[in-house]
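In what follows, a single structure is set out as structure tokens and then discussed.
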Amino acid sequence: MTLAIVSLLWDANPHSQSFSSMYDESWVEKLYLGFERNLTRDFEFILYTDRIRQFSVPVSQVALRAITPNYGHCILPYSMGRPMILVGLDTVVTGNIDHLADYCLDGGRFACPRDPNYAHQVCNGVALVPEGMQHIGQQWAGQNDMDWVRKFDPAVIDDIFPEQVVSYKGHVKKHGLGDARIVYFHGEEKPHQLGGLDWIAQHWNGEDMAERQTMDPRSGNHPALLPGEVVKGASGWRDREAKAERRLQKKTDTERASIRAARAGLKASLEAAPIAAVMAKKPEPVEEPVDAVEAVEKAAPAADLYSEMSWDDLRAFYEEIIGEKVGHRMKRADVEAALREAE
């Protein structure tokens, strides 16, 4: 069963606290992109919402039937019985979370973080939920969501993945980001008020840190790399790869082809390599290739052509070979499979 990433959004109402009355569609899109950058497992992003909304990212919407939703409705997603990561909109994904997804997909106890204010109990800032937990939602009858979750004796995320799912106020503000992969916010101080922090700019605003002198060292990338060189699996690699492609469009055809060929060679031989190895083995640019696609073909074995192409090149190749545009919901694996089938 596909992993669900789940959050909730409703217009501010009398039940809303001042610190959670600013949410809108942009928060949903930032959250989606945070997961998309840091998760290589297939997932469906599901939003429980009070009305149908428009998004520029793929979001499945489930209607909240309450006239004035409240925080207790955060229990409803459990009713699906699906493996899911349940988070609030005020959540920032700061590193690869494949292992957290696998925890949900492998079954076992659902897990919540230790309450940053009361260490003897958990809170529901984030929940890692395996399949089969629908009874938690189905038995809910309007109780306080935090109290209700505690009744089901969840495992403690802090004990399973220490310092990886943390509170901003309870941990990051005092001790720094460290090895955090998910940062959740509660009460006052939200991500939109902390734009001066590099990690917020990178992981929440999605800024290209390769343009700055300082960057999150856990990202696995470095400003000295050629434009477009990205280590897959590193934090935010998809977003940086897309932005690198946009930068390439400002260069000449020869420059673009040389850079793409160099990147293809790196990916073929050094996939997910440490940054030191990447820098030590950076190949010389290909001299005057005919075009970008031909350069990639020369730099990588034919069998791996599709997996080594950038997303922009892959889409263009798909449209040329298949004769139609890539569908909005098509994943990269679907595009590659269609091209291999057409060979």
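Naming scheme: A, B, ... for chains in displayed order of the structure tokens; residues 1 onward per chain; ligands 1 onward as shown.
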
Using only C-alpha atoms, which protein or nucleic acid residues come within 10 Å of A:Thr68? Drop anything in the same chain fewer than 2 positions from it, and give the result as a ChimeraX atom specification. /A:10-16,50,64-66,70

Identify, on the basis of only C-alpha atoms, every residue whose closest approach to A:Gly195 does not exceed 9 Å; exclude the query and any residue fewer than 4 positions from it along the same chain; express the result as JSON, numbers by chain. {"A": [191, 199, 200, 201, 204, 205]}

Those residues with C-alpha atoms, as a CSV table (one decimal), in the first residue's frame please?
```csv
chain,number,residue,atom,x,y,z
A,191,PRO,CA,8.5,29.1,9.8
A,199,TRP,CA,17.9,26.1,7.1
A,200,ILE,CA,14.4,27.7,6.9
A,201,ALA,CA,15.4,29.5,3.7
A,204,TRP,CA,10.9,25.7,3.8
A,205,ASN,CA,11.3,28.5,1.3
```

So, counting only C-alpha atoms, which residue among A:Asp42, A:Glu319, A:Asp153, A:Asp90 is closest to A:Leu105?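 Nearest to A:Leu105: A:Asp42.
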
By how many Å are atom CA of A:Val326 and atom CA of A:Trp27 apart? 26.4 Å

List every residue of stretch 53-98 of chain A that has an atom at most 6 Å from any atom of stretch 119-132 of chain A, and for each one report the closest atom pair and its distance in Å to one decimal, counting only C-alpha atoms, with rows sorted by chain and then by increasing residue number, as a tab-separated table.
```
residue	atom	partner	partner_atom	distance
A:Gly81	CA	A:Gly132	CA	4.7
A:Arg82	CA	A:Glu131	CA	4.6
A:Pro83	CA	A:Pro130	CA	4.2
A:Met84	CA	A:Val129	CA	5.1
A:Ile85	CA	A:Leu128	CA	4.9
A:Leu86	CA	A:Ala127	CA	5.1
A:Val87	CA	A:Val126	CA	4.8
```

Output for the residues just chosen: N, CA and C atoms as a tab-separated table (two decimals), in the first residue's frame:
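Generated file (part_10.tsv):
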```tsv
chain	number	residue	atom	x	y	z
A	81	GLY	N	-6.84	3.86	7.79
A	81	GLY	CA	-6.16	2.57	7.99
A	81	GLY	C	-4.92	2.39	7.14
A	82	ARG	N	-4.44	3.49	6.55
A	82	ARG	CA	-3.28	3.41	5.65
A	82	ARG	C	-1.98	3.72	6.39
A	83	PRO	N	-0.86	3.22	5.88
A	83	PRO	CA	0.42	3.68	6.41
A	83	PRO	C	0.57	5.16	6.07
A	84	MET	N	0.90	5.98	7.05
A	84	MET	CA	0.98	7.41	6.78
A	84	MET	C	1.94	8.10	7.73
A	85	ILE	N	2.41	9.25	7.27
A	85	ILE	CA	3.09	10.21	8.13
A	85	ILE	C	2.14	11.38	8.27
A	86	LEU	N	1.66	11.61	9.48
A	86	LEU	CA	0.67	12.66	9.75
A	86	LEU	C	1.38	13.84	10.39
A	87	VAL	N	1.26	15.01	9.77
A	87	VAL	CA	1.95	16.20	10.27
A	87	VAL	C	1.04	17.42	10.18
```
